[in-house]
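Everything below belongs to entry08.pdb, which stores PDB, C-alpha atoms and all ligand atoms.
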ATOM      1  CA  MET A   1      44.510  27.308 137.010  1.00  0.00           C
ATOM      2  CA  ARG A   2      42.607  28.360 133.960  1.00  0.00           C
ATOM      3  CA  THR A   3      43.033  32.063 134.862  1.00  0.00           C
ATOM      4  CA  ARG A   4      46.753  31.663 135.392  1.00  0.00           C
ATOM      5  CA  ALA A   5      47.279  29.990 132.024  1.00  0.00           C
ATOM      6  CA  CYS A   6      45.320  32.746 130.313  1.00  0.00           C
ATOM      7  CA  LEU A   7      47.349  35.446 132.048  1.00  0.00           C
ATOM      8  CA  ALA A   8      50.582  33.761 131.004  1.00  0.00           C
ATOM      9  CA  PHE A   9      49.359  33.680 127.424  1.00  0.00           C
ATOM     10  CA  LEU A  10      48.471  37.374 127.496  1.00  0.00           C
ATOM     11  CA  LEU A  11      51.849  38.335 128.892  1.00  0.00           C
ATOM     12  CA  LEU A  12      53.645  36.242 126.300  1.00  0.00           C
ATOM     13  CA  THR A  13      51.605  37.792 123.507  1.00  0.00           C
ATOM     14  CA  ALA A  14      52.217  41.332 124.737  1.00  0.00           C
ATOM     15  CA  CYS A  15      55.959  40.738 125.030  1.00  0.00           C
ATOM     16  CA  THR A  16      56.184  39.224 121.584  1.00  0.00           C
ATOM     17  CA  ASN A  17      54.328  42.067 119.907  1.00  0.00           C
ATOM     18  CA  GLY A  18      56.268  44.703 121.806  1.00  0.00           C
ATOM     19  CA  GLY A  19      59.594  43.322 120.661  1.00  0.00           C
ATOM     20  CA  VAL A  20      58.831  42.963 116.971  1.00  0.00           C
ATOM     21  CA  LEU A  21      60.161  45.720 114.748  1.00  0.00           C
ATOM     22  CA  ALA A  22      59.144  44.159 111.466  1.00  0.00           C
ATOM     23  CA  PRO A  23      57.684  46.445 108.800  1.00  0.00           C
ATOM     24  CA  PRO A  24      53.991  46.232 107.899  1.00  0.00           C
ATOM     25  CA  SER A  25      52.718  43.584 105.528  1.00  0.00           C
ATOM     26  CA  GLY A  26      54.537  43.567 102.230  1.00  0.00           C
ATOM     27  CA  GLY A  27      57.805  43.461 104.151  1.00  0.00           C
ATOM     28  CA  GLY A  28      61.224  44.579 103.099  1.00  0.00           C
ATOM     29  CA  ALA A  29      60.849  48.272 103.982  1.00  0.00           C
ATOM     30  CA  GLN A  30      64.123  49.771 105.145  1.00  0.00           C
ATOM     31  CA  ILE A  31      64.251  51.310 108.599  1.00  0.00           C
ATOM     32  CA  GLN A  32      66.269  54.513 108.899  1.00  0.00           C
ATOM     33  CA  THR A  33      67.152  55.610 112.417  1.00  0.00           C
ATOM     34  CA  VAL A  34      67.426  59.215 113.586  1.00  0.00           C
ATOM     35  CA  ASP A  35      69.626  59.715 116.649  1.00  0.00           C
ATOM     36  CA  VAL A  36      68.022  61.720 119.472  1.00  0.00           C
ATOM     37  CA  ASN A  37      70.626  63.333 121.717  1.00  0.00           C
ATOM     38  CA  LEU A  38      70.648  66.944 122.920  1.00  0.00           C
ATOM     39  CA  THR A  39      73.944  66.398 124.761  1.00  0.00           C
ATOM     40  CA  LEU A  40      75.944  65.254 121.754  1.00  0.00           C
ATOM     41  CA  ASN A  41      74.246  66.549 118.592  1.00  0.00           C
ATOM     42  CA  PRO A  42      75.241  70.190 117.994  1.00  0.00           C
ATOM     43  CA  SER A  43      73.024  72.926 116.535  1.00  0.00           C
ATOM     44  CA  SER A  44      73.362  73.831 112.894  1.00  0.00           C
ATOM     45  CA  GLN A  45      71.672  76.021 110.311  1.00  0.00           C
ATOM     46  CA  THR A  46      69.075  74.485 107.984  1.00  0.00           C
ATOM     47  CA  SER A  47      66.606  75.894 105.474  1.00  0.00           C
ATOM     48  CA  ALA A  48      63.989  75.887 108.267  1.00  0.00           C
ATOM     49  CA  GLY A  49      66.159  77.716 110.814  1.00  0.00           C
ATOM     50  CA  THR A  50      68.434  76.542 113.593  1.00  0.00           C
ATOM     51  CA  ALA A  51      68.250  72.791 114.188  1.00  0.00           C
ATOM     52  CA  GLY A  52      69.853  70.734 116.942  1.00  0.00           C
ATOM     53  CA  GLY A  53      69.577  67.692 119.163  1.00  0.00           C
ATOM     54  CA  TYR A  54      68.978  65.172 116.389  1.00  0.00           C
ATOM     55  CA  ALA A  55      71.398  63.564 113.940  1.00  0.00           C
ATOM     56  CA  PRO A  56      71.467  64.022 111.100  1.00  0.00           C
ATOM     57  CA  ALA A  57      70.289  67.649 111.335  1.00  0.00           C
ATOM     58  CA  VAL A  58      68.499  67.074 108.023  1.00  0.00           C
ATOM     59  CA  THR A  59      67.387  63.499 107.407  1.00  0.00           C
ATOM     60  CA  ASN A  60      67.031  62.604 103.733  1.00  0.00           C
ATOM     61  CA  VAL A  61      64.757  59.610 103.195  1.00  0.00           C
ATOM     62  CA  ALA A  62      63.100  57.831 100.311  1.00  0.00           C
ATOM     63  CA  VAL A  63      59.326  57.448 100.215  1.00  0.00           C
ATOM     64  CA  GLY A  64      58.551  53.903 101.356  1.00  0.00           C
ATOM     65  CA  THR A  65      61.189  53.956 104.083  1.00  0.00           C
ATOM     66  CA  LEU A  66      60.344  53.557 107.755  1.00  0.00           C
ATOM     67  CA  LEU A  67      61.768  56.089 110.192  1.00  0.00           C
ATOM     68  CA  ARG A  68      62.582  55.407 113.817  1.00  0.00           C
ATOM     69  CA  PHE A  69      63.909  57.711 116.537  1.00  0.00           C
ATOM     70  CA  LYS A  70      66.364  56.356 119.092  1.00  0.00           C
ATOM     71  CA  ASN A  71      67.164  58.289 122.269  1.00  0.00           C
ATOM     72  CA  SER A  72      70.889  57.771 122.910  1.00  0.00           C
ATOM     73  CA  ASP A  73      70.894  60.540 125.525  1.00  0.00           C
ATOM     74  CA  GLY A  74      70.833  60.167 129.307  1.00  0.00           C
ATOM     75  CA  PHE A  75      67.407  61.797 129.749  1.00  0.00           C
ATOM     76  CA  ALA A  76      63.978  61.911 128.112  1.00  0.00           C
ATOM     77  CA  HIS A  77      63.061  63.478 124.779  1.00  0.00           C
ATOM     78  CA  THR A  78      60.318  63.336 122.159  1.00  0.00           C
ATOM     79  CA  ALA A  79      60.357  63.553 118.375  1.00  0.00           C
ATOM     80  CA  THR A  80      57.103  65.312 117.503  1.00  0.00           C
ATOM     81  CA  ALA A  81      55.796  66.583 114.168  1.00  0.00           C
ATOM     82  CA  ILE A  82      55.315  70.328 113.665  1.00  0.00           C
ATOM     83  CA  PRO A  83      52.398  70.282 111.188  1.00  0.00           C
ATOM     84  CA  ALA A  84      52.245  72.632 108.207  1.00  0.00           C
ATOM     85  CA  ALA A  85      55.425  74.556 109.023  1.00  0.00           C
ATOM     86  CA  THR A  86      58.231  75.452 106.629  1.00  0.00           C
ATOM     87  CA  THR A  87      60.302  77.284 109.228  1.00  0.00           C
ATOM     88  CA  PHE A  88      60.653  76.551 112.936  1.00  0.00           C
ATOM     89  CA  PRO A  89      58.112  78.589 114.948  1.00  0.00           C
ATOM     90  CA  ALA A  90      59.710  80.991 117.442  1.00  0.00           C
ATOM     91  CA  GLY A  91      57.927  79.438 120.435  1.00  0.00           C
ATOM     92  CA  SER A  92      57.115  75.832 121.190  1.00  0.00           C
ATOM     93  CA  PRO A  93      54.395  74.531 118.865  1.00  0.00           C
ATOM     94  CA  PHE A  94      53.652  71.524 121.076  1.00  0.00           C
ATOM     95  CA  SER A  95      50.899  70.613 123.517  1.00  0.00           C
ATOM     96  CA  ALA A  96      51.112  68.045 126.288  1.00  0.00           C
ATOM     97  CA  SER A  97      49.781  65.388 123.895  1.00  0.00           C
ATOM     98  CA  ALA A  98      53.310  65.256 122.410  1.00  0.00           C
ATOM     99  CA  GLN A  99      54.263  63.150 125.425  1.00  0.00           C
ATOM    100  CA  THR A 100      51.971  60.348 124.247  1.00  0.00           C
ATOM    101  CA  GLN A 101      52.976  58.187 121.296  1.00  0.00           C
ATOM    102  CA  SER A 102      50.750  58.755 118.257  1.00  0.00           C
ATOM    103  CA  GLY A 103      50.734  58.373 114.488  1.00  0.00           C
ATOM    104  CA  SER A 104      52.579  56.152 112.051  1.00  0.00           C
ATOM    105  CA  SER A 105      52.576  58.162 108.793  1.00  0.00           C
ATOM    106  CA  LEU A 106      55.012  61.009 108.200  1.00  0.00           C
ATOM    107  CA  SER A 107      52.500  63.236 106.400  1.00  0.00           C
ATOM    108  CA  GLN A 108      49.965  62.901 109.234  1.00  0.00           C
ATOM    109  CA  GLY A 109      50.363  64.100 112.817  1.00  0.00           C
ATOM    110  CA  TRP A 110      52.756  61.962 114.857  1.00  0.00           C
ATOM    111  CA  SER A 111      54.816  61.891 118.008  1.00  0.00           C
ATOM    112  CA  SER A 112      57.243  59.394 119.481  1.00  0.00           C
ATOM    113  CA  GLY A 113      55.797  60.210 122.888  1.00  0.00           C
ATOM    114  CA  THR A 114      58.251  60.543 125.740  1.00  0.00           C
ATOM    115  CA  LEU A 115      61.319  58.440 124.965  1.00  0.00           C
ATOM    116  CA  ALA A 116      63.239  57.515 128.096  1.00  0.00           C
ATOM    117  CA  ALA A 117      67.045  57.248 127.901  1.00  0.00           C
ATOM    118  CA  GLY A 118      67.877  54.433 125.496  1.00  0.00           C
ATOM    119  CA  ALA A 119      64.326  54.013 124.171  1.00  0.00           C
ATOM    120  CA  SER A 120      63.246  53.828 120.525  1.00  0.00           C
ATOM    121  CA  SER A 121      60.075  55.172 118.942  1.00  0.00           C
ATOM    122  CA  GLN A 122      57.453  53.422 116.863  1.00  0.00           C
ATOM    123  CA  THR A 123      58.287  53.258 113.165  1.00  0.00           C
ATOM    124  CA  ILE A 124      56.835  56.012 111.001  1.00  0.00           C
ATOM    125  CA  MET A 125      56.140  55.340 107.330  1.00  0.00           C
ATOM    126  CA  VAL A 126      57.542  57.894 104.899  1.00  0.00           C
ATOM    127  CA  ASP A 127      54.306  57.985 102.916  1.00  0.00           C
ATOM    128  CA  LYS A 128      54.617  61.196 100.911  1.00  0.00           C
ATOM    129  CA  ALA A 129      57.391  63.373  99.464  1.00  0.00           C
ATOM    130  CA  GLY A 130      57.906  66.719 101.164  1.00  0.00           C
ATOM    131  CA  THR A 131      59.773  68.605 103.862  1.00  0.00           C
ATOM    132  CA  TYR A 132      58.697  67.884 107.419  1.00  0.00           C
ATOM    133  CA  LEU A 133      59.730  69.634 110.618  1.00  0.00           C
ATOM    134  CA  PHE A 134      59.732  68.104 114.066  1.00  0.00           C
ATOM    135  CA  GLY A 135      61.120  68.781 117.505  1.00  0.00           C
ATOM    136  CA  CYS A 136      61.263  67.836 121.166  1.00  0.00           C
ATOM    137  CA  PHE A 137      58.417  68.700 123.521  1.00  0.00           C
ATOM    138  CA  PHE A 138      60.818  69.236 126.442  1.00  0.00           C
ATOM    139  CA  HIS A 139      63.662  71.114 124.755  1.00  0.00           C
ATOM    140  CA  TYR A 140      62.212  72.843 121.707  1.00  0.00           C
ATOM    141  CA  GLY A 141      64.046  76.050 122.655  1.00  0.00           C
ATOM    142  CA  GLY A 142      67.333  74.142 123.145  1.00  0.00           C
ATOM    143  CA  PRO A 143      67.097  74.258 120.199  1.00  0.00           C
ATOM    144  CA  MET A 144      65.991  70.666 119.768  1.00  0.00           C
ATOM    145  CA  ARG A 145      64.355  70.456 116.339  1.00  0.00           C
ATOM    146  CA  SER A 146      65.138  68.994 112.978  1.00  0.00           C
ATOM    147  CA  VAL A 147      64.101  68.458 109.372  1.00  0.00           C
ATOM    148  CA  ILE A 148      63.090  65.416 107.330  1.00  0.00           C
ATOM    149  CA  VAL A 149      63.243  65.653 103.545  1.00  0.00           C
ATOM    150  CA  ALA A 150      61.344  62.822 101.849  1.00  0.00           C
ATOM    151  CA  GLN A 151      61.799  62.153  98.140  1.00  0.00           C
TER     152      GLN A 151
HETATM  153 CU    CU A 201      64.537  66.816 124.287  1.00  0.00          CU
END
Output the file's structure in the form of structure tokens.
Amino acid sequence: MRTRACLAFLLLTACTNGGVLAPPSGGGAQIQTVDVNLTLNPSSQTSAGTAGGYAPAVTNVAVGTLLRFKNSDGFAHTATAIPAATTFPAGSPFSASAQTQSGSSLSQGWSSGTLAAGASSQTIMVDKAGTYLFGCFFHYGGPMRSVIVAQ
């Protein structure tokens, strides 16, 4: 009996935490969503090279905002930082670790991990002004890559 009650508590706790999208303490941070969809979002030219698969192609955000990536496509994608790049590398810059969710600050390394159809990423704090490139582990050559400009 005691074990069952404990298990129920753990499940309830896990579900509650998993569903909460509230910003970190201090509250009130805006969440800006980037759409992830290789099927619907066309390629376009940006200052970093040819982007595609995310909308907007260039996301303008204010420092202090939270970013989230939502996969509205019918198959899996990632949104993964390309560290220290000002133009998109010719070949994929990603390793298999891109498939695992990591990071929560824009200026540090981060990845949404593999986002199944319909899934949303963790929120990523826009902690520092700058231009940040990211792309999809599976479809980098699609091209599936995009730009975040934080001010
Ligand atoms: Cu993809």
May I ask you to write as a list in words all residues lying at most 10 Å from ligand CU 201 (chain A), with all atoms listed in the file counted?
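I would give the residues around ligand CU 201 (chain A) as Val36, Asn37, Leu38, Thr39, Gly52, Gly53, Tyr54, Asn71, Asp73, Phe75, Ala76, His77, Thr78, Ala79, Thr114, Leu115, Gly135, Cys136, Phe137, Phe138, His139, Tyr140, Gly141, Gly142, Pro143, Met144 and Arg145 of chain A.
Among the candidate residues A:Ala90, A:Val34, A:Ala51, A:Ala84, the one lying nearest to Ser107 (chain A) is A:Ala84, with distances computed using only C-alpha atoms.
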Can you translate the PyMOL selection byres (((chain A and resi 86) around 9) and not hetatm) into the concrete residues it hits in this file, as JSON, numbers by chain?
{"A": [47, 48, 84, 85, 87, 88, 89, 131, 132, 133]}
Step by step, work through what the PyMOL selection byres (((chain A and resi 148) around 9) and not hetatm) selects in the shown file, and finish by giving those residues as a list in words.
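Taken on the displayed file, the PyMOL selection byres (((chain A and resi 148) around 9) and not hetatm) yields the residues Ala57, Val58, Thr59, Asn60, Val61, Gly130, Thr131, Tyr132, Leu133, Phe134, Ser146, Val147, Val149 and Ala150 of chain A.
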Could you work out how far CA of Lys128 (chain A) lies from CA of Ser105 (chain A), giving the answer in Å with one decimal?
8.7 Å
What is the CA of Gly109 (chain A)-CA of Pro42 (chain A) distance in Å, reported with one decimal?
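According to the coordinates, CA of Gly109 (chain A) and CA of Pro42 (chain A) are separated by 26.1 Å.
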Pick from A:Ile124, A:Leu40, A:Ala55, A:Ala62 nearest to Thr80 (chain A), counting all atoms listed in the file
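For Thr80 (chain A), the nearest of the candidates is A:Ile124.
In this comparison, which uses only C-alpha atoms, the residue of A:Ser43, A:Gln151, A:Ser92, A:Ser72 approaching Ser120 (chain A) most closely is A:Ser72.
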Tell me which of A:Gln45, A:Ser111, A:Thr123, A:Thr50 sits closest to Thr33 (chain A), counting only C-alpha atoms.
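Comparing A:Gln45, A:Ser111, A:Thr123, A:Thr50 against Thr33 (chain A), the winner is A:Thr123.
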Using CA of Val63 (chain A) and CA of Ala119 (chain A) as the two end points, give the distance in Å to one decimal.
24.7 Å
With a distance cut-off of 7 Å and all atoms listed in the file, select the neighbouring residues of Gln32 (chain A), excluding the residue or stretch itself and same-chain residues fewer than 3 positions from it, and output the selection as a list in words.
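Once the nearby chain positions are removed, what remains is Leu66, Leu67 and Arg68 of chain A.
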Within 6 Å of Thr65 (chain A), counting only C-alpha atoms, which residues qualify if same-chain residues fewer than 4 places away don't, as a PyMOL selection string?
chain A and resi 29-30+126
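Counting only C-alpha atoms and comparing A:Pro56, A:Gln122, A:Trp110, A:Ala117, the residue that lies closest to Ile82 (chain A) is A:Trp110.
Between Pro83 (chain A) and the candidates A:Phe69, A:Gly64, A:Leu106, A:Gln101, the tightest atom-to-atom separation, counting all atoms listed in the file, involves A:Leu106.
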For the provided coordinates, the residues matched by the PyMOL selection byres (((chain A and resi 100) around 9) and not hetatm) should be stated as a list of chain:residue names.
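Those residues are A:Ala96, A:Ser97, A:Ala98, A:Gln99, A:Gln101, A:Ser102, A:Ser111, A:Ser112, A:Gly113, A:Thr114.
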Given 3 Å of margin on each side, can you work out the centre and size in Å (one decimal) of an axis-aligned box holding every listed atom of region 60-66 of chain A, as JSON?
{"center_x": 62.8, "center_y": 58.1, "center_z": 104.0, "size_x": 14.5, "size_y": 15.0, "size_z": 13.5}
